[in-house]
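Visitor: Attaching a single structure in structure tokens format; questions to follow.
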There are 2 protein chains.
Amino acid sequence: MNIQPLIEHFKNYLPLGDEEIGELEKRASIRKVKRRQLILSEGDVCNCYTFVIEGCFKMYKVDEEGKEHNLQFAIENGWIADLGSFYSEKPSELYIEAMENSVVIQLKKEDMLFFFTNYHKFDRNFRVLVENAFIEMQRRVLQNISSTAEERYLDFLEKHPKLFNRISNVQIASYIGVTPEFLSKIRKEITSK
Amino acid sequence: MNIQPLIEHFKNYLPLGDEEIGELEKRASIRKVKRRQLILSEGDVCNCYTFVIEGCFKMYKVDEEGKEHNLQFAIENGWIADLGSFYSEKPSELYIEAMENSVVIQLKKEDMLFFFTNYHKFDRNFRVLVENAFIEMQRRVLQNISSTAEERYLDFLEKHPKLFNRISNVQIASYIGVTPEFLSKIRKEITSK
DNA sequence: CGAAAATTTGACATGACTCAACTGGAGTGG
DNA sequence: CCACTCCAGTTGAGTCATGTCAAATTTTCG
């Protein structure tokens, strides 16, 4: 197991040179994570970026009543981190949990800063990565303030075809912001059409 | 009127050097925009980044029923653009409208690409800018899927103290995703406490 | 000043949640 | 391989949050 998938991933942006790859090999750590294992817990500072080689993660908040609210999923070739906590170094309100047995590459904060400082390709690549994440998050806000739960569900299926047969409806419900019971009723409604 | 506010703005990040400032002076265009004037309309491609020197803007979508849904506000020293349309060069679904008589600096796409390509400080600065915008947008998604309208309203007041006495409740309602009538009832409820 | 927009109010409608119960499938330990 | 548990999914009844529509009033701005 090596960091090849990450190197490939960057070929979609500004591909890395040999020197950068060398540094990445030195600094990146590969880690196996079991299903249900947490890689970030509420109260901890998020001190690394995580790149998913294999498996599936969710990032969520637990409210005062103990209910989970899914903010993001990440599968193969996706990044996941609580950027707010990562940059402010304040305790996170979020959990990141493996939904399957997974393999990830992690980059610590000091390593990220090293790469940003020394190889401006990283500034470029992460600028573009974050821009894309921002655009998607903005789409989601727009949907939340302007669409019904049924529309949000149908949009989720359309926009995340790789996820909907891989995770439970409970997880999807939590992501689109409805209760599992209500999602069940929505699904019934849709099939009866 | 000159681009000084923008140069000052970048001092919060990696400050620009003389050469970069020179290029910026050559390429940036300063523009006055009257209240209610649109700087982006649905169907148009968003072809510039806009930096607000003075005034206030909203970016919103109009749904099939003609209702507006506010996605973002921008005041002094803020940026506004439909990044999705900007990078994909596809027609935007959004409007950007001045809520007051305003003054802005605009950077065309080709100029942005010029700066990104030639001065990597811009990659850095916009990476950080977009990261912060992303973190805020993520907070908002989390709130939309986990809080009541009253909580979202109170949070808006807390997080945007410079806006709430500057824009109407209709605009706030549209931003937090409720009808103006319902927001009025929320406000009544709050004052009666 | 006058028109347009913002705000408030009330009656009513509907979307979405809560709670409790039931079913069925997947994983686990004996 | 079976018995068991746990979790996902479904259903229904009742409730609460929020939307709709219409009207009256106030404020803002040209």
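We label chains A, B, ... in the order they appear in the structure tokens, count residues from 1 in each chain, and number ligands from 1 in the order shown.
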Neighbouring residues of range 104-119 of chain B were defined as those with any atom within 10 Å, considering only C-alpha atoms (C1' of nucleotides); residues of the same chain fewer than 5 positions away were excluded. Please report them as an NGL selection string.
Guide: (:A and (124)) or (:B and (2-3 or 5-6 or 16-17 or 19-20 or 23-24 or 27-33 or 46-56 or 76-80 or 86-87 or 89 or 124-126))
Visitor: Mind dumping a table of every chain C residue within 8 Å of chain B, with the nearest atom pair and its distance in Å to one decimal, using only C-alpha atoms (C1' of nucleotides), sorted by chain and rising number, as JSON lines?
Guide:
{"residue": "C:DA6", "atom": "C1'", "partner": "B:Val170", "partner_atom": "CA", "distance": 7.3}
{"residue": "C:DT7", "atom": "C1'", "partner": "B:Ser184", "partner_atom": "CA", "distance": 7.3}
{"residue": "C:DT8", "atom": "C1'", "partner": "B:Ser184", "partner_atom": "CA", "distance": 6.9}
Visitor: Specify as an MDAnalysis selection string all residues of chain B found within 10 Å of chain A, counting only C-alpha atoms.
Guide: chainID B and resid 60:63 67:72 82:85 87 116:117 120:147 173:178
Visitor: Hey, can you spit out that residue selection with C-alpha atoms as a short mmCIF file (atom, residue, chain, number, x, y, z; two decimals), in the first residue's frame?
Guide:
data_model
loop_
_atom_site.label_atom_id
_atom_site.label_comp_id
_atom_site.auth_asym_id
_atom_site.auth_seq_id
_atom_site.Cartn_x
_atom_site.Cartn_y
_atom_site.Cartn_z
CA TYR B 60 -30.13 35.07 -4.91
CA LYS B 61 -32.05 32.53 -6.92
CA VAL B 62 -35.59 33.05 -8.19
CA ASP B 63 -37.65 29.84 -8.06
CA LYS B 67 -39.75 33.78 -5.00
CA GLU B 68 -36.26 34.98 -4.17
CA HIS B 69 -33.86 32.91 -2.06
CA ASN B 70 -30.81 34.77 -0.76
CA LEU B 71 -27.63 32.76 -0.91
CA GLN B 72 -25.14 35.42 0.12
CA ASP B 82 -21.18 32.81 -8.69
CA LEU B 83 -18.11 30.58 -8.68
CA GLY B 84 -19.99 27.66 -10.22
CA SER B 85 -20.82 29.69 -13.30
CA TYR B 87 -15.41 28.34 -13.59
CA PHE B 116 -3.18 32.87 -10.59
CA THR B 117 -0.68 31.88 -13.24
CA HIS B 120 1.27 32.52 -6.78
CA LYS B 121 0.35 34.82 -3.92
CA PHE B 122 -3.05 34.96 -5.55
CA ASP B 123 -3.39 31.21 -5.36
CA ARG B 124 -2.52 31.43 -1.69
CA ASN B 125 -4.76 34.39 -0.92
CA PHE B 126 -7.76 33.01 -2.73
CA ARG B 127 -7.20 29.57 -1.25
CA VAL B 128 -7.49 31.10 2.20
CA LEU B 129 -10.41 33.31 1.21
CA VAL B 130 -12.34 30.41 -0.25
CA GLU B 131 -11.50 28.18 2.71
CA ASN B 132 -13.07 30.74 5.01
CA ALA B 133 -16.12 31.07 2.80
CA PHE B 134 -16.38 27.29 2.71
CA ILE B 135 -16.21 27.01 6.50
CA GLU B 136 -19.01 29.54 6.83
CA MET B 137 -21.13 27.83 4.21
CA GLN B 138 -20.63 24.52 6.00
CA ARG B 139 -21.76 26.05 9.28
CA ARG B 140 -24.86 27.23 7.49
CA VAL B 141 -25.68 23.82 6.05
CA LEU B 142 -25.29 22.30 9.48
CA GLN B 143 -27.67 24.85 10.89
CA ASN B 144 -30.22 24.37 8.14
CA ILE B 145 -30.39 20.64 8.74
CA SER B 146 -30.34 20.79 12.53
CA SER B 147 -31.89 24.02 13.86
CA ALA B 173 -36.07 35.80 6.05
CA SER B 174 -35.06 34.85 2.52
CA TYR B 175 -31.50 34.15 3.71
CA ILE B 176 -32.44 31.88 6.59
CA GLY B 177 -35.08 30.12 4.53
CA VAL B 178 -38.44 31.21 5.97
#
Visitor: List every residue of chain B that has an atom at most 10 Å from any atom of chain D, and for each one report the closest atom pair and its distance in Å to one decimal, counting only C-alpha atoms (C1' of nucleotides), with rows sorted by chain and then by increasing residue number, as a Markdown table.
Guide:
| residue | atom | partner | partner_atom | distance |
| --- | --- | --- | --- | --- |
| B:Thr148 | CA | D:DA17 | C1' | 8.4 |
| B:Ala149 | CA | D:DT18 | C1' | 8.8 |
| B:Val178 | CA | D:DT18 | C1' | 7.8 |
| B:Thr179 | CA | D:DG19 | C1' | 7.3 |
| B:Glu181 | CA | D:DG19 | C1' | 8.9 |
| B:Phe182 | CA | D:DT18 | C1' | 7.1 |
| B:Leu183 | CA | D:DT18 | C1' | 9.9 |
Visitor: What residues in chain B get the DSSP label alpha helix (DSSP H)? Please answer as a ChimeraX atom specification.
Guide: /B:4-10,18-27,83-88,109-118,120-146,149-159,169-176,180-191
Visitor: Please report, as a ChimeraX atom specification, each residue of range 6-162 of chain A to which DSSP assigns strand (DSSP E) when run on this structure's backbone.
Guide: /A:29-33,38-40,48-54,57-62,68-74,79-80,94-98,102-108
Visitor: May I have the selected residues written with N, CA and C atoms, as a short mmCIF file (atom, residue, chain, number, x, y, z; two decimals), in the first residue's frame?
Guide:
data_model
loop_
_atom_site.label_atom_id
_atom_site.label_comp_id
_atom_site.auth_asym_id
_atom_site.auth_seq_id
_atom_site.Cartn_x
_atom_site.Cartn_y
_atom_site.Cartn_z
N SER A 29 1.03 9.74 6.01
CA SER A 29 0.94 8.45 6.69
C SER A 29 -0.31 7.71 6.24
N ILE A 30 -0.11 6.43 5.96
CA ILE A 30 -1.21 5.58 5.52
C ILE A 30 -1.76 4.86 6.72
N ARG A 31 -3.05 4.72 6.78
CA ARG A 31 -3.68 4.21 7.99
C ARG A 31 -4.93 3.44 7.64
N LYS A 32 -5.09 2.28 8.28
CA LYS A 32 -6.33 1.52 8.12
C LYS A 32 -7.29 1.95 9.22
N VAL A 33 -8.55 2.07 8.85
CA VAL A 33 -9.57 2.47 9.82
C VAL A 33 -10.73 1.48 9.72
N LEU A 38 -13.77 6.10 14.87
CA LEU A 38 -13.76 7.56 14.71
C LEU A 38 -12.35 8.04 14.40
N ILE A 39 -12.21 8.96 13.45
CA ILE A 39 -10.90 9.59 13.25
C ILE A 39 -10.93 11.04 13.72
N LEU A 40 -12.11 11.51 14.11
CA LEU A 40 -12.23 12.81 14.79
C LEU A 40 -13.43 12.73 15.72
N CYS A 48 -5.51 17.05 11.01
CA CYS A 48 -5.03 16.57 9.72
C CYS A 48 -6.10 16.57 8.65
N TYR A 49 -5.64 16.64 7.43
CA TYR A 49 -6.45 16.39 6.25
C TYR A 49 -6.44 14.89 6.01
N THR A 50 -7.58 14.32 5.68
CA THR A 50 -7.65 12.89 5.39
C THR A 50 -8.10 12.67 3.95
N PHE A 51 -7.33 11.85 3.24
CA PHE A 51 -7.67 11.49 1.85
C PHE A 51 -8.06 10.02 1.83
N VAL A 52 -9.22 9.71 1.28
CA VAL A 52 -9.73 8.33 1.31
C VAL A 52 -9.22 7.54 0.11
N ILE A 53 -8.47 6.47 0.38
CA ILE A 53 -8.02 5.57 -0.68
C ILE A 53 -9.08 4.53 -0.94
N GLU A 54 -9.70 4.09 0.14
CA GLU A 54 -10.66 2.99 0.02
C GLU A 54 -11.59 3.08 1.21
N PHE A 57 -16.58 7.43 4.60
CA PHE A 57 -16.67 8.16 5.88
C PHE A 57 -17.86 9.10 5.90
N LYS A 58 -18.27 9.42 7.14
CA LYS A 58 -19.25 10.49 7.30
C LYS A 58 -18.73 11.46 8.36
N MET A 59 -19.05 12.74 8.14
CA MET A 59 -18.72 13.76 9.15
C MET A 59 -20.06 14.30 9.64
N TYR A 60 -20.26 14.31 10.95
CA TYR A 60 -21.57 14.70 11.46
C TYR A 60 -21.46 15.41 12.80
N LYS A 61 -22.54 16.10 13.14
CA LYS A 61 -22.66 16.74 14.44
C LYS A 61 -23.71 15.99 15.24
N VAL A 62 -23.51 15.90 16.54
CA VAL A 62 -24.52 15.32 17.42
C VAL A 62 -25.16 16.46 18.21
N GLU A 68 -27.85 12.67 15.22
CA GLU A 68 -26.74 12.93 14.31
C GLU A 68 -27.21 13.69 13.07
N HIS A 69 -26.38 14.65 12.64
CA HIS A 69 -26.68 15.40 11.42
C HIS A 69 -25.48 15.33 10.50
N ASN A 70 -25.64 14.64 9.39
CA ASN A 70 -24.52 14.42 8.47
C ASN A 70 -24.23 15.64 7.63
N LEU A 71 -22.99 16.08 7.72
CA LEU A 71 -22.57 17.27 6.99
C LEU A 71 -21.91 16.88 5.68
N GLN A 72 -21.22 15.76 5.67
CA GLN A 72 -20.45 15.38 4.49
C GLN A 72 -20.16 13.89 4.48
N PHE A 73 -20.13 13.32 3.28
CA PHE A 73 -19.62 11.97 3.10
C PHE A 73 -18.32 12.05 2.31
N ALA A 74 -17.47 11.04 2.43
CA ALA A 74 -16.28 10.99 1.57
C ALA A 74 -16.02 9.54 1.20
N TRP A 79 -11.58 14.03 -0.05
CA TRP A 79 -10.93 14.57 1.14
C TRP A 79 -11.95 14.78 2.23
N ILE A 80 -11.54 14.63 3.47
CA ILE A 80 -12.43 14.98 4.56
C ILE A 80 -11.65 15.54 5.74
N LEU A 94 -17.58 18.29 15.63
CA LEU A 94 -17.98 17.24 14.69
C LEU A 94 -17.30 15.91 14.98
N TYR A 95 -17.87 14.87 14.44
CA TYR A 95 -17.27 13.54 14.42
C TYR A 95 -17.00 13.16 12.98
N ILE A 96 -15.90 12.42 12.76
CA ILE A 96 -15.68 11.78 11.46
C ILE A 96 -15.54 10.30 11.73
N GLU A 97 -16.36 9.51 11.07
CA GLU A 97 -16.46 8.08 11.38
C GLU A 97 -16.44 7.26 10.10
N ALA A 98 -15.72 6.14 10.14
CA ALA A 98 -15.68 5.22 9.00
C ALA A 98 -16.99 4.45 8.93
N SER A 102 -11.79 0.92 6.02
CA SER A 102 -11.25 1.89 5.07
C SER A 102 -9.73 2.01 5.16
N VAL A 103 -9.17 2.62 4.13
CA VAL A 103 -7.75 2.96 4.12
C VAL A 103 -7.63 4.43 3.73
N VAL A 104 -6.84 5.17 4.48
CA VAL A 104 -6.71 6.60 4.22
C VAL A 104 -5.25 7.03 4.24
N ILE A 105 -5.02 8.21 3.64
CA ILE A 105 -3.75 8.90 3.78
C ILE A 105 -4.01 10.14 4.61
N GLN A 106 -3.15 10.38 5.61
CA GLN A 106 -3.35 11.58 6.42
C GLN A 106 -2.16 12.51 6.35
N LEU A 107 -2.48 13.80 6.30
CA LEU A 107 -1.44 14.84 6.28
C LEU A 107 -1.66 15.76 7.47
N LYS A 108 -0.66 15.81 8.32
CA LYS A 108 -0.77 16.64 9.52
C LYS A 108 -0.70 18.12 9.17
#
Visitor: Using CA of Glu8 in chain A and CA of Phe164 in chain A as the two end points, give the distance in Å to one decimal.
Guide: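 It comes out at 25.5 Å.
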Visitor: To one decimal place in Å, what is the distance between C1' of DA3 in chain C and CA of Ser41 in chain B?
Guide: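 Here the two named atoms are 26.1 Å from each other.
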Visitor: What separation in Å, quoted to one decimal, exists between CA of Lys159 in chain A and CA of Lys11 in chain A?
Guide: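 It comes out at 23.3 Å.
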